[in-house]
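Peer 1: My structure is stored as final-v5.cif, with mmCIF, C-alpha atoms.
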data_data
loop_
_atom_site.group_PDB
_atom_site.id
_atom_site.type_symbol
_atom_site.label_atom_id
_atom_site.label_comp_id
_atom_site.auth_asym_id
_atom_site.auth_seq_id
_atom_site.Cartn_x
_atom_site.Cartn_y
_atom_site.Cartn_z
ATOM 1 C CA MET L 162 294.343 72.933 -89.498
ATOM 2 C CA SER L 163 292.520 69.686 -90.288
ATOM 3 C CA ARG L 164 294.098 68.093 -87.205
ATOM 4 C CA LEU L 165 292.803 70.961 -85.040
ATOM 5 C CA VAL L 166 289.294 70.507 -86.470
ATOM 6 C CA SER L 167 289.531 66.783 -85.712
ATOM 7 C CA TYR L 168 290.512 67.504 -82.097
ATOM 8 C CA LEU L 169 287.634 69.952 -81.722
ATOM 9 C CA ARG L 170 285.155 67.379 -83.025
ATOM 10 C CA ARG L 171 286.434 64.816 -80.544
ATOM 11 C CA PHE L 172 286.183 67.367 -77.759
ATOM 12 C CA ARG L 173 282.562 68.090 -78.686
ATOM 13 C CA ARG L 174 281.761 64.388 -78.356
ATOM 14 C CA PHE L 175 283.075 64.341 -74.814
ATOM 15 C CA LEU L 176 281.569 67.730 -73.848
ATOM 16 C CA PRO L 177 278.228 66.305 -72.571
ATOM 17 C CA TYR L 178 280.143 63.852 -70.355
ATOM 18 C CA LEU L 179 282.389 66.626 -69.029
ATOM 19 C CA LYS L 180 279.327 68.737 -68.284
ATOM 20 C CA PHE L 181 277.745 65.845 -66.385
ATOM 21 C CA ILE L 182 280.946 65.329 -64.374
ATOM 22 C CA PHE L 183 281.064 69.061 -63.583
ATOM 23 C CA VAL L 184 277.456 69.087 -62.353
ATOM 24 C CA CYS L 185 278.062 65.997 -60.190
ATOM 25 C CA ALA L 186 281.241 67.540 -58.746
ATOM 26 C CA ILE L 187 279.484 70.795 -57.834
ATOM 27 C CA PHE L 188 276.606 68.881 -56.268
ATOM 28 C CA PHE L 189 279.018 66.671 -54.299
ATOM 29 C CA LEU L 190 280.930 69.693 -52.971
ATOM 30 C CA ALA L 191 277.685 71.395 -51.971
ATOM 31 C CA VAL L 192 276.439 68.311 -50.116
ATOM 32 C CA ARG L 193 279.834 67.949 -48.446
ATOM 33 C CA ALA L 194 279.692 71.559 -47.256
ATOM 34 C CA LEU L 195 276.172 71.067 -45.904
ATOM 35 C CA HIS L 196 277.215 67.885 -44.103
ATOM 36 C CA ALA L 197 280.244 69.571 -42.525
ATOM 37 C CA ILE L 198 278.078 72.324 -41.055
ATOM 38 C CA LEU L 199 275.088 70.192 -40.018
ATOM 39 C CA LYS L 200 276.794 67.012 -38.781
ATOM 40 C CA ASP L 201 276.366 68.016 -35.125
ATOM 41 C CA TYR L 202 272.611 68.543 -35.431
ATOM 42 C CA LYS L 203 269.781 66.009 -35.389
ATOM 43 C CA TRP L 204 267.013 65.927 -37.975
ATOM 44 C CA LYS L 205 264.408 66.824 -35.341
ATOM 45 C CA GLN L 206 266.360 69.976 -34.518
ATOM 46 C CA LEU L 207 266.533 70.942 -38.192
ATOM 47 C CA THR L 208 262.786 70.575 -38.720
ATOM 48 C CA SER L 209 261.716 72.188 -35.454
ATOM 49 C CA TYR L 210 261.972 75.699 -36.928
ATOM 50 C CA ILE L 211 259.406 74.897 -39.619
ATOM 51 C CA HIS L 212 256.827 73.818 -37.023
ATOM 52 C CA GLN L 213 257.402 77.016 -35.065
ATOM 53 C CA LEU L 214 256.776 79.345 -38.014
ATOM 54 C CA PRO L 215 253.464 81.235 -37.701
ATOM 55 C CA PRO L 216 250.949 80.180 -40.413
ATOM 56 C CA GLU L 217 250.494 83.813 -41.478
ATOM 57 C CA GLN L 218 254.250 84.071 -42.141
ATOM 58 C CA ILE L 219 254.165 80.993 -44.382
ATOM 59 C CA ALA L 220 251.029 82.308 -46.111
ATOM 60 C CA ALA L 221 252.703 85.681 -46.755
ATOM 61 C CA ALA L 222 255.722 83.918 -48.272
ATOM 62 C CA ALA L 223 253.456 81.781 -50.475
ATOM 63 C CA VAL L 224 251.503 84.820 -51.726
ATOM 64 C CA LEU L 225 254.712 86.727 -52.435
ATOM 65 C CA SER L 226 256.075 83.705 -54.323
ATOM 66 C CA LEU L 227 253.022 83.664 -56.588
ATOM 67 C CA ILE L 228 253.430 87.423 -57.111
ATOM 68 C CA ALA L 229 257.047 86.743 -58.126
ATOM 69 C CA TYR L 230 255.884 84.252 -60.760
ATOM 70 C CA PHE L 231 253.236 86.703 -61.925
ATOM 71 C CA VAL L 232 256.076 89.185 -62.474
ATOM 72 C CA THR L 233 257.977 86.603 -64.550
ATOM 73 C CA THR L 234 255.073 86.481 -67.015
ATOM 74 C CA GLY L 235 256.084 90.061 -67.788
ATOM 75 C CA TYR L 236 259.227 88.797 -69.543
ATOM 76 C CA ASP L 237 257.151 87.247 -72.318
ATOM 77 C CA SER L 238 254.432 89.898 -72.243
ATOM 78 C CA VAL L 239 256.909 92.719 -72.872
ATOM 79 C CA ALA L 240 258.662 90.583 -75.499
ATOM 80 C CA PHE L 241 255.388 90.268 -77.446
ATOM 81 C CA ARG L 242 254.992 94.046 -77.216
ATOM 82 C CA HIS L 243 258.524 94.455 -78.536
ATOM 83 C CA ILE L 244 257.846 92.371 -81.666
ATOM 84 C CA ASP L 245 254.396 94.027 -82.018
ATOM 85 C CA HIS L 246 252.409 90.804 -81.616
ATOM 86 C CA ASP L 247 248.896 90.912 -80.117
ATOM 87 C CA LEU L 248 248.688 87.505 -78.445
ATOM 88 C CA HIS L 249 246.284 87.758 -75.491
ATOM 89 C CA TYR L 250 247.943 88.197 -72.100
ATOM 90 C CA GLY L 251 245.960 85.279 -70.614
ATOM 91 C CA ARG L 252 247.642 82.888 -73.014
ATOM 92 C CA ILE L 253 251.055 84.469 -72.472
ATOM 93 C CA ALA L 254 250.628 84.172 -68.699
ATOM 94 C CA LEU L 255 249.606 80.501 -68.928
ATOM 95 C CA ALA L 256 252.612 79.601 -71.070
ATOM 96 C CA ALA L 257 255.107 81.682 -69.088
ATOM 97 C CA PHE L 258 253.931 80.689 -65.607
ATOM 98 C CA THR L 259 253.870 76.949 -66.284
ATOM 99 C CA ALA L 260 257.179 77.032 -68.167
ATOM 100 C CA TYR L 261 259.103 79.059 -65.596
ATOM 101 C CA ALA L 262 257.661 77.149 -62.614
ATOM 102 C CA ILE L 263 258.557 73.767 -64.124
ATOM 103 C CA ASN L 264 261.933 74.897 -65.434
ATOM 104 C CA ASN L 265 262.987 76.397 -62.082
ATOM 105 C CA ASN L 266 262.632 72.959 -60.528
ATOM 106 C CA LEU L 267 264.151 70.883 -63.335
ATOM 107 C CA GLY L 268 267.049 73.111 -64.415
ATOM 108 C CA MET L 269 268.602 71.917 -67.702
ATOM 109 C CA SER L 270 269.564 75.482 -68.715
ATOM 110 C CA GLY L 271 266.039 76.506 -69.679
ATOM 111 C CA VAL L 272 265.500 73.666 -72.183
ATOM 112 C CA ILE L 273 262.291 72.388 -70.556
ATOM 113 C CA GLY L 274 260.797 75.856 -70.116
ATOM 114 C CA SER L 275 261.661 76.941 -73.649
ATOM 115 C CA SER L 276 260.194 73.737 -75.101
ATOM 116 C CA LEU L 277 256.925 74.260 -73.225
ATOM 117 C CA ARG L 278 256.627 77.884 -74.279
ATOM 118 C CA TYR L 279 257.458 76.976 -77.884
ATOM 119 C CA ARG L 280 254.712 74.327 -77.874
ATOM 120 C CA PHE L 281 252.168 76.764 -76.467
ATOM 121 C CA TYR L 282 253.029 79.616 -78.807
ATOM 122 C CA ARG L 283 253.124 77.471 -81.946
ATOM 123 C CA ARG L 284 249.713 76.066 -81.007
ATOM 124 C CA TRP L 285 248.392 79.617 -80.858
ATOM 125 C CA GLY L 286 249.776 80.543 -84.284
ATOM 126 C CA VAL L 287 252.988 82.377 -83.411
ATOM 127 C CA VAL L 288 255.580 81.785 -86.145
ATOM 128 C CA ALA L 289 258.923 80.196 -85.263
ATOM 129 C CA THR L 290 260.975 83.302 -86.094
ATOM 130 C CA ASP L 291 258.905 85.408 -83.696
ATOM 131 C CA ILE L 292 259.302 82.784 -80.970
ATOM 132 C CA VAL L 293 263.084 82.940 -81.383
ATOM 133 C CA LYS L 294 262.943 86.735 -81.035
ATOM 134 C CA ILE L 295 260.852 86.337 -77.863
ATOM 135 C CA PHE L 296 263.319 83.864 -76.353
ATOM 136 C CA VAL L 297 266.282 86.131 -77.114
ATOM 137 C CA PHE L 298 264.478 89.168 -75.696
ATOM 138 C CA CYS L 299 263.524 87.313 -72.492
ATOM 139 C CA THR L 300 267.084 86.054 -72.031
ATOM 140 C CA VAL L 301 268.488 89.566 -72.442
ATOM 141 C CA THR L 302 265.887 90.929 -69.998
ATOM 142 C CA PHE L 303 266.670 88.261 -67.388
ATOM 143 C CA TYR L 304 270.409 88.904 -67.459
ATOM 144 C CA LEU L 305 269.894 92.670 -67.642
ATOM 145 C CA GLY L 306 268.116 92.519 -64.287
ATOM 146 C CA PHE L 307 270.763 90.277 -62.793
ATOM 147 C CA ALA L 308 273.655 92.391 -64.093
ATOM 148 C CA MET L 309 272.107 95.698 -63.050
ATOM 149 C CA LEU L 310 270.768 94.787 -59.596
ATOM 150 C CA GLY L 311 273.515 92.264 -58.846
ATOM 151 C CA GLY L 312 276.194 94.697 -59.948
ATOM 152 C CA ILE L 313 274.830 97.458 -57.715
ATOM 153 C CA VAL L 314 274.527 95.151 -54.693
ATOM 154 C CA PHE L 315 277.972 93.576 -55.150
ATOM 155 C CA LEU L 316 279.598 96.952 -55.768
ATOM 156 C CA PHE L 317 278.066 98.932 -52.909
ATOM 157 C CA TRP L 318 276.840 96.328 -50.370
ATOM 158 C CA PRO L 319 278.890 93.143 -50.857
ATOM 159 C CA PRO L 320 278.218 90.464 -48.201
ATOM 160 C CA GLU L 321 281.048 90.375 -45.683
ATOM 161 C CA THR L 322 281.034 86.568 -45.754
ATOM 162 C CA ALA L 323 281.888 86.484 -49.482
ATOM 163 C CA SER L 324 285.612 86.183 -48.622
ATOM 164 C CA GLN L 325 284.957 82.643 -47.367
ATOM 165 C CA PHE L 326 284.316 81.440 -50.925
ATOM 166 C CA HIS L 327 287.767 82.460 -52.257
ATOM 167 C CA LEU L 328 286.339 84.067 -55.378
ATOM 168 C CA PRO L 329 288.636 84.307 -58.424
ATOM 169 C CA PHE L 330 288.055 88.075 -58.621
ATOM 170 C CA GLY L 331 289.309 88.461 -55.077
ATOM 171 C CA SER L 332 286.450 90.816 -54.275
ATOM 172 C CA LEU L 333 282.748 90.969 -55.026
ATOM 173 C CA ARG L 334 283.127 94.710 -55.702
ATOM 174 C CA ILE L 335 285.228 93.929 -58.772
ATOM 175 C CA PHE L 336 282.671 91.349 -59.877
ATOM 176 C CA GLY L 337 279.929 93.944 -59.369
ATOM 177 C CA ALA L 338 281.763 96.461 -61.537
ATOM 178 C CA VAL L 339 282.251 93.807 -64.246
ATOM 179 C CA LEU L 340 278.524 93.016 -64.162
ATOM 180 C CA LEU L 341 277.532 96.670 -64.488
ATOM 181 C CA ILE L 342 279.609 97.293 -67.643
ATOM 182 C CA PRO L 343 277.373 95.359 -70.118
ATOM 183 C CA ALA L 344 274.204 96.464 -68.296
ATOM 184 C CA LEU L 345 275.141 100.147 -68.534
ATOM 185 C CA ALA L 346 276.347 99.727 -72.128
ATOM 186 C CA TYR L 347 273.000 98.195 -73.133
ATOM 187 C CA SER L 348 271.114 100.914 -71.259
ATOM 188 C CA GLY L 349 273.182 103.680 -72.860
ATOM 189 C CA TRP L 350 272.675 102.258 -76.345
ATOM 190 C CA ILE L 351 268.898 102.337 -75.910
ATOM 191 C CA LEU L 352 268.550 105.628 -74.045
ATOM 192 C CA ILE L 353 271.047 107.610 -76.119
ATOM 193 C CA ARG L 354 271.599 106.008 -79.507
ATOM 194 C CA GLN L 355 268.261 104.348 -80.409
ATOM 195 C CA VAL L 356 269.939 102.838 -83.490
ATOM 196 C CA PRO L 357 269.277 99.214 -84.595
ATOM 197 C CA LEU L 358 272.215 96.872 -84.187
ATOM 198 C CA ARG L 359 273.557 95.376 -87.435
ATOM 199 C CA LEU L 360 275.591 92.161 -87.596
ATOM 200 C CA ARG L 361 276.362 91.470 -91.256
ATOM 201 C CA ARG L 362 272.958 90.641 -92.785
ATOM 202 C CA TRP L 363 271.175 90.617 -89.417
ATOM 203 C CA ARG L 364 269.282 93.649 -88.170
ATOM 204 C CA ILE L 365 268.430 93.619 -84.452
ATOM 205 C CA GLU L 366 265.706 96.057 -83.480
ATOM 206 C CA ILE L 367 266.463 97.965 -80.289
ATOM 207 C CA PRO L 368 263.607 98.215 -77.752
ATOM 208 C CA THR L 369 261.916 101.576 -77.320
ATOM 209 C CA ARG L 370 262.648 103.523 -74.143
ATOM 210 C CA SER L 371 259.282 102.571 -72.618
ATOM 211 C CA ILE L 372 259.888 98.873 -73.288
ATOM 212 C CA PHE L 373 263.402 99.174 -71.871
ATOM 213 C CA VAL L 374 262.013 100.680 -68.661
ATOM 214 C CA ALA L 375 259.533 97.792 -68.465
ATOM 215 C CA GLN L 376 262.431 95.360 -69.018
ATOM 216 C CA LEU L 377 264.384 96.878 -66.166
ATOM 217 C CA ILE L 378 261.448 96.978 -63.725
ATOM 218 C CA ILE L 379 260.382 93.393 -64.434
ATOM 219 C CA ALA L 380 263.882 91.905 -64.374
ATOM 220 C CA MET L 381 265.021 93.695 -61.216
ATOM 221 C CA GLY L 382 261.647 93.143 -59.556
ATOM 222 C CA ASP L 383 261.884 89.417 -60.235
ATOM 223 C CA TRP L 384 265.173 89.124 -58.317
ATOM 224 C CA PHE L 385 264.110 91.574 -55.613
ATOM 225 C CA ILE L 386 260.841 89.777 -54.806
ATOM 226 C CA ALA L 387 262.451 86.326 -54.839
ATOM 227 C CA ALA L 388 264.967 87.483 -52.231
ATOM 228 C CA ALA L 389 262.118 89.025 -50.233
ATOM 229 C CA VAL L 390 260.450 85.588 -50.027
ATOM 230 C CA LEU L 391 263.586 84.241 -48.348
ATOM 231 C CA ARG L 392 263.568 87.177 -45.959
ATOM 232 C CA ILE L 393 259.957 86.550 -44.936
ATOM 233 C CA VAL L 394 260.642 82.941 -43.875
ATOM 234 C CA LEU L 395 263.510 84.042 -41.619
ATOM 235 C CA PRO L 396 262.723 84.938 -37.994
ATOM 236 C CA ALA L 397 260.992 88.284 -37.623
ATOM 237 C CA SER L 398 263.776 89.450 -35.321
ATOM 238 C CA HIS L 399 266.648 88.246 -37.519
ATOM 239 C CA PRO L 400 269.733 90.517 -37.571
ATOM 240 C CA VAL L 401 270.549 90.074 -41.266
ATOM 241 C CA PRO L 402 270.519 93.404 -43.198
ATOM 242 C CA TYR L 403 268.400 93.158 -46.347
ATOM 243 C CA ALA L 404 271.328 94.271 -48.546
ATOM 244 C CA THR L 405 273.423 91.400 -47.129
ATOM 245 C CA LEU L 406 270.562 88.973 -47.682
ATOM 246 C CA LEU L 407 270.081 90.219 -51.243
ATOM 247 C CA GLY L 408 273.804 89.824 -51.990
ATOM 248 C CA THR L 409 273.768 86.344 -50.454
ATOM 249 C CA PHE L 410 270.724 85.438 -52.544
ATOM 250 C CA PHE L 411 272.522 86.582 -55.708
ATOM 251 C CA MET L 412 275.640 84.564 -54.861
ATOM 252 C CA ALA L 413 273.528 81.476 -54.177
ATOM 253 C CA GLN L 414 271.534 81.865 -57.387
ATOM 254 C CA VAL L 415 274.701 82.314 -59.462
ATOM 255 C CA ALA L 416 276.154 79.154 -57.931
ATOM 256 C CA GLY L 417 272.917 77.273 -58.559
ATOM 257 C CA LEU L 418 272.652 78.445 -62.171
ATOM 258 C CA ALA L 419 276.313 77.704 -62.888
ATOM 259 C CA SER L 420 276.036 74.203 -61.404
ATOM 260 C CA ASN L 421 272.981 73.390 -63.594
ATOM 261 C CA VAL L 422 271.753 71.179 -60.742
ATOM 262 C CA PRO L 423 267.909 71.085 -60.954
ATOM 263 C CA GLY L 424 266.637 74.030 -58.943
ATOM 264 C CA GLY L 425 270.180 74.577 -57.647
ATOM 265 C CA LEU L 426 269.302 71.935 -55.023
ATOM 266 C CA GLY L 427 272.034 71.675 -52.421
ATOM 267 C CA VAL L 428 274.227 74.291 -54.069
ATOM 268 C CA PHE L 429 271.884 77.187 -53.271
ATOM 269 C CA GLU L 430 271.464 75.954 -49.688
ATOM 270 C CA ALA L 431 275.215 75.533 -49.143
ATOM 271 C CA VAL L 432 276.000 79.117 -50.188
ATOM 272 C CA VAL L 433 273.199 80.615 -48.082
ATOM 273 C CA LEU L 434 274.115 78.485 -45.075
ATOM 274 C CA VAL L 435 277.784 79.494 -45.158
ATOM 275 C CA SER L 436 276.941 83.165 -45.789
ATOM 276 C CA LEU L 437 274.326 83.577 -43.059
ATOM 277 C CA LYS L 438 276.031 81.424 -40.424
ATOM 278 C CA PRO L 439 277.570 84.492 -38.674
ATOM 279 C CA TYR L 440 274.060 85.921 -38.195
ATOM 280 C CA LEU L 441 271.837 82.898 -37.503
ATOM 281 C CA SER L 442 272.139 79.343 -36.259
ATOM 282 C CA PRO L 443 272.291 76.559 -38.893
ATOM 283 C CA VAL L 444 269.017 75.150 -37.526
ATOM 284 C CA VAL L 445 267.194 78.402 -38.294
ATOM 285 C CA ILE L 446 268.820 78.809 -41.718
ATOM 286 C CA ILE L 447 268.006 75.256 -42.817
ATOM 287 C CA GLY L 448 264.425 75.602 -41.590
ATOM 288 C CA ALA L 449 264.036 78.847 -43.525
ATOM 289 C CA LEU L 450 265.575 77.299 -46.652
ATOM 290 C CA VAL L 451 263.275 74.277 -46.535
ATOM 291 C CA THR L 452 260.281 76.614 -46.194
ATOM 292 C CA PHE L 453 261.608 78.836 -48.986
ATOM 293 C CA ARG L 454 262.036 75.881 -51.356
ATOM 294 C CA ALA L 455 258.526 74.666 -50.539
ATOM 295 C CA VAL L 456 256.759 77.980 -51.165
ATOM 296 C CA TYR L 457 258.949 79.384 -53.957
ATOM 297 C CA PHE L 458 259.675 76.224 -55.937
ATOM 298 C CA LEU L 459 257.250 73.421 -55.062
ATOM 299 C CA LEU L 460 254.019 75.424 -54.626
ATOM 300 C CA PRO L 461 254.252 77.124 -58.077
ATOM 301 C CA LEU L 462 255.340 73.773 -59.573
ATOM 302 C CA GLY L 463 252.204 72.073 -58.254
ATOM 303 C CA ILE L 464 249.973 74.862 -59.591
ATOM 304 C CA ALA L 465 251.787 74.810 -62.952
ATOM 305 C CA LEU L 466 251.309 71.049 -63.335
ATOM 306 C CA LEU L 467 247.596 71.387 -62.546
ATOM 307 C CA LEU L 468 247.225 74.216 -65.090
ATOM 308 C CA LEU L 469 249.169 72.284 -67.706
ATOM 309 C CA GLY L 470 247.073 69.145 -67.158
ATOM 310 C CA ALA L 471 243.801 71.082 -67.242
ATOM 311 C CA HIS L 472 244.812 72.871 -70.439
ATOM 312 C CA GLU L 473 245.800 69.630 -72.182
ATOM 313 C CA LEU L 474 242.473 68.025 -71.152
ATOM 314 C CA TRP L 475 240.608 71.071 -72.486
ATOM 315 C CA ILE L 476 242.480 70.858 -75.803
ATOM 316 C CA ARG L 477 241.775 67.142 -76.081
ATOM 317 C CA ARG L 478 238.080 67.605 -75.321
ATOM 318 C CA HIS L 479 237.870 70.449 -77.818
ATOM 319 C CA ARG L 480 239.448 68.277 -80.534
ATOM 320 C CA ILE L 481 237.074 65.386 -79.802
ATOM 321 C CA THR L 482 234.077 67.740 -79.955
ATOM 322 C CA ALA L 483 235.296 69.297 -83.213
ATOM 323 C CA SER L 484 235.927 65.912 -84.849
ATOM 324 C CA SER L 485 232.489 64.596 -83.794
ATOM 325 C CA GLU L 486 230.803 67.688 -85.269
ATOM 326 C CA GLU L 487 232.690 67.180 -88.530
ATOM 327 C CA ARG L 488 231.404 63.601 -88.765
ATOM 328 C CA LYS L 489 227.838 64.840 -88.403
#
Transcribe the structure of this file into C-alpha cells.

Peer 2:
Amino acid sequence: MSRLVSYLRRFRRFLPYLKFIFVCAIFFLAVRALHAILKDYKWKQLTSYIHQLPPEQIAAAAVLSLIAYFVTTGYDSVAFRHIDHDLHYGRIALAAFTAYAINNNLGMSGVIGSSLRYRFYRRWGVVATDIVKIFVFCTVTFYLGFAMLGGIVFLFWPPETASQFHLPFGSLRIFGAVLLIPALAYSGWILIRQVPLRLRRWRIEIPTRSIFVAQLIIAMGDWFIAAAVLRIVLPASHPVPYATLLGTFFMAQVAGLASNVPGGLGVFEAVVLVSLKPYLSPVVIIGALVTFRAVYFLLPLGIALLLLGAHELWIRRHRITASSEERK
C-alpha cells in the first residue's frame, strides 16, 4: 500500500508536465490540420473575405457578442439569488463580465476568471464560503446548459461531418444521449424531489424551480447566442443549416476546452474548418473565423481590460482621498 502511495505521489509531481505536453500536442495537431487544408491558399486570399464583409454585418456580430457576455453575467447573478445574497447587480456584472472576457482568451481552466471574481467579491464583503458556493453553482449551470443543449443537438441533429473525427463513441448520437443523462437527472431531482442533497456532513441546498428555470435559460442561451455570432459572420447566402452549425460549434468548443489552449486558439478553428468544408470554401471559413474571434473574443477582452483598469484607478483614488481626509 505504501509503495502505491509513493507511486501516486511521484505521478502527481509529473502531472503538470504531462498536462503541458498534452496541451502542446493538441495545439500541434490542430495547427497541422489547418496547414494541411490551407497550404494551397495565399494569405491575401484568406483575408479577402474579411474586407468584403458589410460593416453592418460585423456590427451586428459585435452587438450580439456583447449581448452574449451580458447573458454570462446571469450565471453569477442567479448564483447570488440562490445563496440569498443581495450584492448589487452592477457589481456582479462588472466582476462577471471582466472575468469571463479575460478568462475566455487566456484559458487555464477558469483559474484567471475565478481569481478575478474572488478578488472583486471579497473586496465587496462577500465571505469566502459564499464565494465557493457561487463558483460551484456557476460551474453546474455552465455544464447544465452544455449537457442539455449539446445533448439535444448531438442526439437529434448531429453534424454529418462528425465521422471525420473518428470519435471514440463511434457516433455523436451516443455522446448526446450520454450528455443528457446527468442533465435530465439534475432536472428531475429539482422538479420532482426538491430535497437537499446530503454527503456525509455536507448539506447541498437544491435550487428552487424558478432558479432552475433561470439556470437553464441562461446556460442554454449562452451557447445558443455564441453560435449565432459565428452564423452572422458567415455569408448571408451560406448553405449551412443552423442545427449543423450549432453542432459544429459544440464540437469545436469541446475540443478547445479539452485542449486547455488559451481561447481554444487553433483547435477551435481546425474543428470548424474540417466540419464546414463540405459547405463552404476554406477561404470563407477562415475569414469568418478570424472575424468571429475578433468580435467574440478580442472586442470583449478590450472592453474588460478598460473596465478593470478604470475600476482599479477609481479604487486607488478613493483610498488616497480617504487617507488624506483621515490625516486632516

Peer 1: Using the chain letters and numbers from the file, which residues does the PyMOL selection byres ((chain L and resi 375) around 12) grab, as a VMD selection string?

Peer 2: chain L and resid 232 to 233 235 to 240 242 to 243 299 302 to 303 305 to 306 368 to 374 376 to 383

Peer 1: Deliver the residues from the most recent selection as a file, using C-alpha atoms, as an mmCIF file, in the frame of the given file.

Peer 2:
data_model
loop_
_atom_site.group_PDB
_atom_site.id
_atom_site.type_symbol
_atom_site.label_atom_id
_atom_site.label_comp_id
_atom_site.auth_asym_id
_atom_site.auth_seq_id
_atom_site.Cartn_x
_atom_site.Cartn_y
_atom_site.Cartn_z
ATOM 1 C CA VAL L 232 256.076 89.185 -62.474
ATOM 2 C CA THR L 233 257.977 86.603 -64.550
ATOM 3 C CA GLY L 235 256.084 90.061 -67.788
ATOM 4 C CA TYR L 236 259.227 88.797 -69.543
ATOM 5 C CA ASP L 237 257.151 87.247 -72.318
ATOM 6 C CA SER L 238 254.432 89.898 -72.243
ATOM 7 C CA VAL L 239 256.909 92.719 -72.872
ATOM 8 C CA ALA L 240 258.662 90.583 -75.499
ATOM 9 C CA ARG L 242 254.992 94.046 -77.216
ATOM 10 C CA HIS L 243 258.524 94.455 -78.536
ATOM 11 C CA CYS L 299 263.524 87.313 -72.492
ATOM 12 C CA THR L 302 265.887 90.929 -69.998
ATOM 13 C CA PHE L 303 266.670 88.261 -67.388
ATOM 14 C CA LEU L 305 269.894 92.670 -67.642
ATOM 15 C CA GLY L 306 268.116 92.519 -64.287
ATOM 16 C CA PRO L 368 263.607 98.215 -77.752
ATOM 17 C CA THR L 369 261.916 101.576 -77.320
ATOM 18 C CA ARG L 370 262.648 103.523 -74.143
ATOM 19 C CA SER L 371 259.282 102.571 -72.618
ATOM 20 C CA ILE L 372 259.888 98.873 -73.288
ATOM 21 C CA PHE L 373 263.402 99.174 -71.871
ATOM 22 C CA VAL L 374 262.013 100.680 -68.661
ATOM 23 C CA GLN L 376 262.431 95.360 -69.018
ATOM 24 C CA LEU L 377 264.384 96.878 -66.166
ATOM 25 C CA ILE L 378 261.448 96.978 -63.725
ATOM 26 C CA ILE L 379 260.382 93.393 -64.434
ATOM 27 C CA ALA L 380 263.882 91.905 -64.374
ATOM 28 C CA MET L 381 265.021 93.695 -61.216
ATOM 29 C CA GLY L 382 261.647 93.143 -59.556
ATOM 30 C CA ASP L 383 261.884 89.417 -60.235
#

Peer 1: Go through L:Arg278, L:Arg477, L:His212, L:Lys294 and flag the residue nearest L:His246, using only C-alpha atoms for the distances.

Peer 2: L:Lys294

Peer 1: Work out how far apart atom CA of L:Val435 and atom CA of L:Ala404 are and give it in Å to one decimal.

Peer 2: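 These two atoms are separated by 16.5 Å.
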
Peer 1: Find the residues of stretch 237-321 of chain L that sit at most 9 Å from stretch 225-230 of chain L; for each, write down the nearest two atoms and how far apart they are in Å, to one decimal. Count all atoms listed in the file. Sort by chain, then by number going up, and give it as JSON lines.

Peer 2:
{"residue": "L:Ala257", "atom": "CA", "partner": "L:Tyr230", "partner_atom": "CA", "distance": 8.8}
{"residue": "L:Phe258", "atom": "CA", "partner": "L:Tyr230", "partner_atom": "CA", "distance": 6.3}
{"residue": "L:Tyr261", "atom": "CA", "partner": "L:Tyr230", "partner_atom": "CA", "distance": 7.8}
{"residue": "L:Ala262", "atom": "CA", "partner": "L:Tyr230", "partner_atom": "CA", "distance": 7.6}

Peer 1: Taking into account all atoms listed in the file, which residue in the set L:Ala431, L:Tyr347, L:Leu467, L:Leu437 is nearest to L:Pro402?

Peer 2: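 That would be L:Leu437, the residue with the smallest distance to L:Pro402.
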
Peer 1: For the file shown, what are the residues hit by the PyMOL selection byres ((chain L and resi 392) around 10), laid out as a PyMOL selection string?

Peer 2: chain L and resi 222+386-391+393-397+399+401-403+406-407+410+449+453

Peer 1: May I ask which of the residues L:Met412, L:Ile476, L:Ala344, L:Ile446 is the closest one to L:Phe281, counting all atoms listed in the file?

Peer 2: L:Ile476

Peer 1: Of the candidates L:Val433, L:Ala465, L:His249, L:Ser398, which one gets nearest to L:Leu450 if we count all atoms listed in the file?

Peer 2: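 Looking only at the distances to L:Leu450, the closest residue turns out to be L:Val433.
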
Peer 1: Just want the 7 Å neighbourhood of stretch 337-341 of chain L, counted on all atoms listed in the file, with same-chain residues fewer than 5 positions away dropped. Output as a PDB file with C-alpha atoms, keeping the file's coordinate frame.

Peer 2:
ATOM      1  CA  ALA L 308     273.655  92.391 -64.093  1.00  0.00           C
ATOM      2  CA  MET L 309     272.107  95.698 -63.050  1.00  0.00           C
ATOM      3  CA  GLY L 311     273.515  92.264 -58.846  1.00  0.00           C
ATOM      4  CA  GLY L 312     276.194  94.697 -59.948  1.00  0.00           C
ATOM      5  CA  ILE L 313     274.830  97.458 -57.715  1.00  0.00           C
ATOM      6  CA  PHE L 315     277.972  93.576 -55.150  1.00  0.00           C
ATOM      7  CA  LEU L 316     279.598  96.952 -55.768  1.00  0.00           C
TER       8      LEU L 316
END

Peer 1: For atom CA of L:Val444 and atom CA of L:Leu333, determine how far apart the two atoms are, in Å to one decimal place.

Peer 2: 27.3 Å

Peer 1: Between L:Phe385, L:Ser348, L:Gln414, L:Ile464, which has the minimum distance to L:Ala260 (counting only C-alpha atoms)?

Peer 2: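 Using only C-alpha atoms, the shortest distance to L:Ala260 belongs to L:Ile464.
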
Peer 1: Quick one: 5 Å padding each side, axis-aligned, all listed atoms of stretch 434-445 of chain L - centre and edge lengths in Å to one decimal, as JSON?

Peer 2:
{"center_x": 272.5, "center_y": 80.5, "center_z": -41.0, "size_x": 20.6, "size_y": 20.8, "size_z": 19.5}

Peer 1: Calculate how many Å separate atom CA of L:Val288 from atom CA of L:Asp245, rounding to one decimal.

Peer 2: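 That distance, rounded to one decimal, is 13.0 Å.
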
Peer 1: Could you write out as a VMD selection string the residues that the PyMOL selection byres ((chain L and resi 276) around 12) matches in the shown file?

Peer 2: chain L and resid 256 to 257 259 to 261 263 to 264 269 to 275 277 to 283 292 to 293 296

Peer 1: Out of L:Phe317, L:Tyr304, L:Phe241, L:Phe411, which residue has the shortest atom-to-atom distance to L:Asp291 when counting all atoms listed in the file?

Peer 2: L:Phe241
